[in-house]
Amino acid sequence: MTKHAPDLASAVREIAAEMKEKRDRGEVASYIPELACVDTGKFGIAVVDADGEVTAAGDCDEPFSIQSISKVFTLTLALGKVGDRLWRVVGREPSGSPFNSIVQLERERGIPRNPFINAGAIVVTDQILSGHQPREALGEILRFMQFLANDDSISIDEHVAASEQRTGFRNVALTNYMKSFGVIENPVEYTLGVYFHHCAIAMSCRQLAMAGQFLAHLGRNPITGHSVVQPERARRINSIMMMCGHYDGSGEFAYRVGLPGKSGVGGGILAVAPGKASVAVWAPGLDANGNSHLGRIALEALTRRMGWSVFGA
Ligand code: GLU
């Protein structure tokens with residue numbers, strides 16, 4: 001008797017229905033006022049398989065604030081711009097600390113542990129900015145996202161950017177602190193302006209899953225044929241997502257889901273099943289580590305049903 005391949009369409013449909021019903025939905029990020037008003041009842045999921053086929057359900061076409069998921073794409077851009085020199089100003093070890101922690105920076109003389117905690121992502125943004133005006137750097141990041149998702153309608157939610165600009169006191173502190181060590185090259189307000197705006201890019205699960213395809217397929221979009229990065233770079237970005245993509249919840253995410261993934265405080269998660277699929281989920285309620293509560297549960301259910309964990313079925 002032949003074993004049937006698991007059915008992706010019914011898995012996605014059933015998981016979305018199950019998530020809509022859950023009562024325990026986590027808490028929205030209230031430290032960015034604009035995100036505090038998002039409805040925790042939302043749930044979206046989109047999966048793009050190796051043939052470019054999209055399977056999606058729930059609120060999969062509603063744009064949300066991608067927040068820290070943008071850090072995967074700024075890391076890709078910065079590596080393209082400065083190559084391995086990037087690793088002089090940021091590490092690539094898991095932090096085991098909250099996303100906005102300041103204590104580790106003092107011990108490590110202003111060099112952030114990895115490109116996905118806030119301090120590290122701000123350094124990455126600063127590297128993209130060097131030699132450009134903030135507007136140009138931001139335009140480059142946005143165009144990159146549009147190119148990857150093959151969708152020119154992707155834009156920045158100016159309300160979210162302004163909201164964070166008004167209240168991002170910790171990020172201001174982190175950046176000034178790194179500046180005192182000479183790690184930040186540009187004026188603090190320029191670097192943070194670009195950072196807050198790329199975090200405020202709004203995308204739907206469908207757009208995000210499209211944008212993540214190159215990471216699932218050795219640096220190349222299998223549908224357009226565009227080569228975005230070399231295979232080795234895609235593999236390395238995936239490894240950083242696996243180790244650092246969920247802050248101090250990265251171990252738990254690897255244990256339960258078993259895929260490289262990056263979360264954002266808007267409630268989104270981008271996950272990569274190498275050779276198989278790019279997956280985006282969105283559920284705005286967060287757990288204590290600032291990662292999407294139901295997003296993680298949904299991804300765990302999906303990888304289990306599909307046998308997609310990189311650690312074996
Ligand atoms: N813009 C957010 C911040 O800097 C990103 C945090 C996140 O998504 O984890 O606090």
# chains A, B, ... in the order shown; residues from 1 in each chain; ligands from 1

$ closest_atom_pairs --of "chain A" --to "ligand 1" --cutoff "9 Å" --atoms "only C-alpha atoms and all ligand atoms" --output "JSON lines"
{"residue": "A:Tyr31", "atom": "CA", "partner": "ligand 1", "partner_atom_place_in_ligand_line": "10 (O)", "distance": 8.1}
{"residue": "A:Ile32", "atom": "CA", "partner": "ligand 1", "partner_atom_place_in_ligand_line": "10 (O)", "distance": 7.8}
{"residue": "A:Ser65", "atom": "CA", "partner": "ligand 1", "partner_atom_place_in_ligand_line": "8 (O)", "distance": 8.8}
{"residue": "A:Ile66", "atom": "CA", "partner": "ligand 1", "partner_atom_place_in_ligand_line": "8 (O)", "distance": 7.2}
{"residue": "A:Gln67", "atom": "CA", "partner": "ligand 1", "partner_atom_place_in_ligand_line": "8 (O)", "distance": 4.2}
{"residue": "A:Ser68", "atom": "CA", "partner": "ligand 1", "partner_atom_place_in_ligand_line": "8 (O)", "distance": 3.6}
{"residue": "A:Ile69", "atom": "CA", "partner": "ligand 1", "partner_atom_place_in_ligand_line": "8 (O)", "distance": 6.8}
{"residue": "A:Ser70", "atom": "CA", "partner": "ligand 1", "partner_atom_place_in_ligand_line": "8 (O)", "distance": 8.5}
{"residue": "A:Lys71", "atom": "CA", "partner": "ligand 1", "partner_atom_place_in_ligand_line": "8 (O)", "distance": 8.8}
{"residue": "A:Phe99", "atom": "CA", "partner": "ligand 1", "partner_atom_place_in_ligand_line": "9 (O)", "distance": 6.1}
{"residue": "A:Asn100", "atom": "CA", "partner": "ligand 1", "partner_atom_place_in_ligand_line": "10 (O)", "distance": 6.5}
{"residue": "A:Phe116", "atom": "CA", "partner": "ligand 1", "partner_atom_place_in_ligand_line": "9 (O)", "distance": 8.3}
{"residue": "A:Ile117", "atom": "CA", "partner": "ligand 1", "partner_atom_place_in_ligand_line": "9 (O)", "distance": 7.4}
{"residue": "A:Asn118", "atom": "CA", "partner": "ligand 1", "partner_atom_place_in_ligand_line": "4 (O)", "distance": 5.5}
{"residue": "A:Ala119", "atom": "CA", "partner": "ligand 1", "partner_atom_place_in_ligand_line": "4 (O)", "distance": 8.5}
{"residue": "A:Ala121", "atom": "CA", "partner": "ligand 1", "partner_atom_place_in_ligand_line": "4 (O)", "distance": 8.6}
{"residue": "A:Ile122", "atom": "CA", "partner": "ligand 1", "partner_atom_place_in_ligand_line": "4 (O)", "distance": 8.5}
{"residue": "A:Ala161", "atom": "CA", "partner": "ligand 1", "partner_atom_place_in_ligand_line": "1 (N)", "distance": 8.5}
{"residue": "A:Glu164", "atom": "CA", "partner": "ligand 1", "partner_atom_place_in_ligand_line": "1 (N)", "distance": 7.0}
{"residue": "A:Gly168", "atom": "CA", "partner": "ligand 1", "partner_atom_place_in_ligand_line": "10 (O)", "distance": 7.0}
{"residue": "A:Arg170", "atom": "CA", "partner": "ligand 1", "partner_atom_place_in_ligand_line": "10 (O)", "distance": 8.0}
{"residue": "A:Asn171", "atom": "CA", "partner": "ligand 1", "partner_atom_place_in_ligand_line": "4 (O)", "distance": 6.2}
{"residue": "A:Tyr195", "atom": "CA", "partner": "ligand 1", "partner_atom_place_in_ligand_line": "1 (N)", "distance": 7.5}
{"residue": "A:Phe196", "atom": "CA", "partner": "ligand 1", "partner_atom_place_in_ligand_line": "1 (N)", "distance": 5.9}
{"residue": "A:His197", "atom": "CA", "partner": "ligand 1", "partner_atom_place_in_ligand_line": "1 (N)", "distance": 8.5}
{"residue": "A:His198", "atom": "CA", "partner": "ligand 1", "partner_atom_place_in_ligand_line": "1 (N)", "distance": 8.4}
{"residue": "A:Cys199", "atom": "CA", "partner": "ligand 1", "partner_atom_place_in_ligand_line": "1 (N)", "distance": 5.1}
{"residue": "A:Ala200", "atom": "CA", "partner": "ligand 1", "partner_atom_place_in_ligand_line": "1 (N)", "distance": 7.2}
{"residue": "A:His246", "atom": "CA", "partner": "ligand 1", "partner_atom_place_in_ligand_line": "9 (O)", "distance": 8.3}
{"residue": "A:Tyr247", "atom": "CA", "partner": "ligand 1", "partner_atom_place_in_ligand_line": "9 (O)", "distance": 8.1}
{"residue": "A:Ser263", "atom": "CA", "partner": "ligand 1", "partner_atom_place_in_ligand_line": "8 (O)", "distance": 6.7}
{"residue": "A:Gly264", "atom": "CA", "partner": "ligand 1", "partner_atom_place_in_ligand_line": "8 (O)", "distance": 3.5}
{"residue": "A:Val265", "atom": "CA", "partner": "ligand 1", "partner_atom_place_in_ligand_line": "8 (O)", "distance": 3.8}
{"residue": "A:Gly266", "atom": "CA", "partner": "ligand 1", "partner_atom_place_in_ligand_line": "8 (O)", "distance": 6.3}
{"residue": "A:Gly267", "atom": "CA", "partner": "ligand 1", "partner_atom_place_in_ligand_line": "8 (O)", "distance": 8.1}
{"residue": "A:Gly268", "atom": "CA", "partner": "ligand 1", "partner_atom_place_in_ligand_line": "8 (O)", "distance": 8.7}
{"residue": "A:Gly290", "atom": "CA", "partner": "ligand 1", "partner_atom_place_in_ligand_line": "9 (O)", "distance": 6.5}
{"residue": "A:Asn291", "atom": "CA", "partner": "ligand 1", "partner_atom_place_in_ligand_line": "9 (O)", "distance": 7.5}

$ write_last_selection --atoms "C-alpha atoms" --output "PDB file, in the first residue's frame"
ATOM      1  CA  TYR A  31       4.498  49.384  24.049  1.00  0.00           C
ATOM      2  CA  ILE A  32       3.832  50.516  20.468  1.00  0.00           C
ATOM      3  CA  SER A  65       2.905  45.256  10.769  1.00  0.00           C
ATOM      4  CA  ILE A  66       5.804  42.917  10.010  1.00  0.00           C
ATOM      5  CA  GLN A  67       8.015  44.566  12.678  1.00  0.00           C
ATOM      6  CA  SER A  68      11.072  42.395  13.365  1.00  0.00           C
ATOM      7  CA  ILE A  69      10.444  40.061  10.447  1.00  0.00           C
ATOM      8  CA  SER A  70      11.877  42.929   8.362  1.00  0.00           C
ATOM      9  CA  LYS A  71      15.216  42.135  10.037  1.00  0.00           C
ATOM     10  CA  PHE A  99      14.579  41.535  22.293  1.00  0.00           C
ATOM     11  CA  ASN A 100      15.239  45.002  23.704  1.00  0.00           C
ATOM     12  CA  PHE A 116      17.755  39.950  15.154  1.00  0.00           C
ATOM     13  CA  ILE A 117      17.690  41.466  18.627  1.00  0.00           C
ATOM     14  CA  ASN A 118      16.846  45.165  18.410  1.00  0.00           C
ATOM     15  CA  ALA A 119      20.402  46.410  18.988  1.00  0.00           C
ATOM     16  CA  ALA A 121      19.085  45.031  13.787  1.00  0.00           C
ATOM     17  CA  ILE A 122      19.762  48.718  14.400  1.00  0.00           C
ATOM     18  CA  ALA A 161       6.227  54.261  12.269  1.00  0.00           C
ATOM     19  CA  GLU A 164       7.084  53.920  17.501  1.00  0.00           C
ATOM     20  CA  GLY A 168      10.758  54.027  21.174  1.00  0.00           C
ATOM     21  CA  ARG A 170      14.583  51.981  24.670  1.00  0.00           C
ATOM     22  CA  ASN A 171      15.723  51.796  21.082  1.00  0.00           C
ATOM     23  CA  TYR A 195      14.794  51.280  11.489  1.00  0.00           C
ATOM     24  CA  PHE A 196      11.345  52.344  12.762  1.00  0.00           C
ATOM     25  CA  HIS A 197      10.080  52.701   9.208  1.00  0.00           C
ATOM     26  CA  HIS A 198      11.259  49.307   7.970  1.00  0.00           C
ATOM     27  CA  CYS A 199       9.698  47.694  11.050  1.00  0.00           C
ATOM     28  CA  ALA A 200       6.450  49.459  10.064  1.00  0.00           C
ATOM     29  CA  HIS A 246      12.580  34.174  18.417  1.00  0.00           C
ATOM     30  CA  TYR A 247      14.725  36.011  20.989  1.00  0.00           C
ATOM     31  CA  SER A 263       8.849  36.573  14.577  1.00  0.00           C
ATOM     32  CA  GLY A 264       7.731  40.174  14.928  1.00  0.00           C
ATOM     33  CA  VAL A 265       5.798  41.928  17.685  1.00  0.00           C
ATOM     34  CA  GLY A 266       3.006  42.585  15.170  1.00  0.00           C
ATOM     35  CA  GLY A 267       2.210  38.877  15.632  1.00  0.00           C
ATOM     36  CA  GLY A 268       3.671  37.576  12.380  1.00  0.00           C
ATOM     37  CA  GLY A 290       7.096  38.745  22.487  1.00  0.00           C
ATOM     38  CA  ASN A 291       6.440  35.993  19.906  1.00  0.00           C
TER      39      ASN A 291
END

$ residues_around --residues "A:Leu142" --least-positions-apart "2" --cutoff "10 Å" --atoms "only C-alpha atoms" --output "VMD selection string"
chain A and resid 70 73 to 74 136 to 140 144 to 148 152 154 to 156 197 to 198 201

$ select_by_dssp --residues "stretch 70-233 of chain A" --states "strand (DSSP E or B)" --output "count of residues only"
7

$ atom_distance --atom1 "atom CA of A:Ile141" --atom2 "atom CA of A:Thr125"
9.6 Å

$ residues_around --residues "stretch 270-284 of chain A" --least-positions-apart "2" --cutoff "7 Å" --atoms "only C-alpha atoms" --output "mmCIF file with C-alpha atoms, in the first residue's frame"
data_model
loop_
_atom_site.group_PDB
_atom_site.id
_atom_site.type_symbol
_atom_site.label_atom_id
_atom_site.label_comp_id
_atom_site.auth_asym_id
_atom_site.auth_seq_id
_atom_site.Cartn_x
_atom_site.Cartn_y
_atom_site.Cartn_z
ATOM 1 C CA VAL A 28 -0.928 42.441 21.846
ATOM 2 C CA VAL A 38 -5.052 45.308 16.701
ATOM 3 C CA THR A 40 -6.450 39.451 18.718
ATOM 4 C CA LYS A 42 -7.311 37.659 13.714
ATOM 5 C CA PHE A 43 -5.507 34.639 12.313
ATOM 6 C CA GLY A 44 -3.968 34.228 8.872
ATOM 7 C CA ILE A 45 -1.724 31.643 7.230
ATOM 8 C CA ALA A 46 -0.126 31.295 3.788
ATOM 9 C CA VAL A 47 2.167 28.566 2.466
ATOM 10 C CA VAL A 48 4.048 28.799 -0.846
ATOM 11 C CA ASP A 49 5.269 25.386 -1.969
ATOM 12 C CA ALA A 50 8.206 24.554 -4.250
ATOM 13 C CA ILE A 69 10.444 40.061 10.447
ATOM 14 C CA CYS A 205 0.736 36.488 5.085
ATOM 15 C CA LEU A 208 5.347 37.586 3.251
ATOM 16 C CA ALA A 209 5.353 33.913 2.289
ATOM 17 C CA GLY A 212 10.499 34.264 1.926
ATOM 18 C CA GLN A 213 10.753 31.855 -1.005
ATOM 19 C CA LEU A 215 15.344 31.266 1.728
ATOM 20 C CA ALA A 216 13.523 27.978 1.170
ATOM 21 C CA HIS A 217 15.205 27.350 -2.179
ATOM 22 C CA LEU A 259 12.154 25.293 11.265
ATOM 23 C CA PRO A 260 14.166 28.493 10.831
ATOM 24 C CA GLY A 261 11.742 31.279 11.658
ATOM 25 C CA LYS A 262 11.544 34.963 12.484
ATOM 26 C CA SER A 263 8.849 36.573 14.577
ATOM 27 C CA GLY A 266 3.006 42.585 15.170
ATOM 28 C CA GLY A 267 2.210 38.877 15.632
ATOM 29 C CA GLY A 268 3.671 37.576 12.380
ATOM 30 C CA LEU A 286 1.995 37.490 21.873
ATOM 31 C CA SER A 292 3.042 35.213 18.365
ATOM 32 C CA LEU A 294 -1.064 31.144 18.214
ATOM 33 C CA GLY A 295 1.385 31.623 15.342
ATOM 34 C CA TRP A 308 8.628 19.374 7.684
#
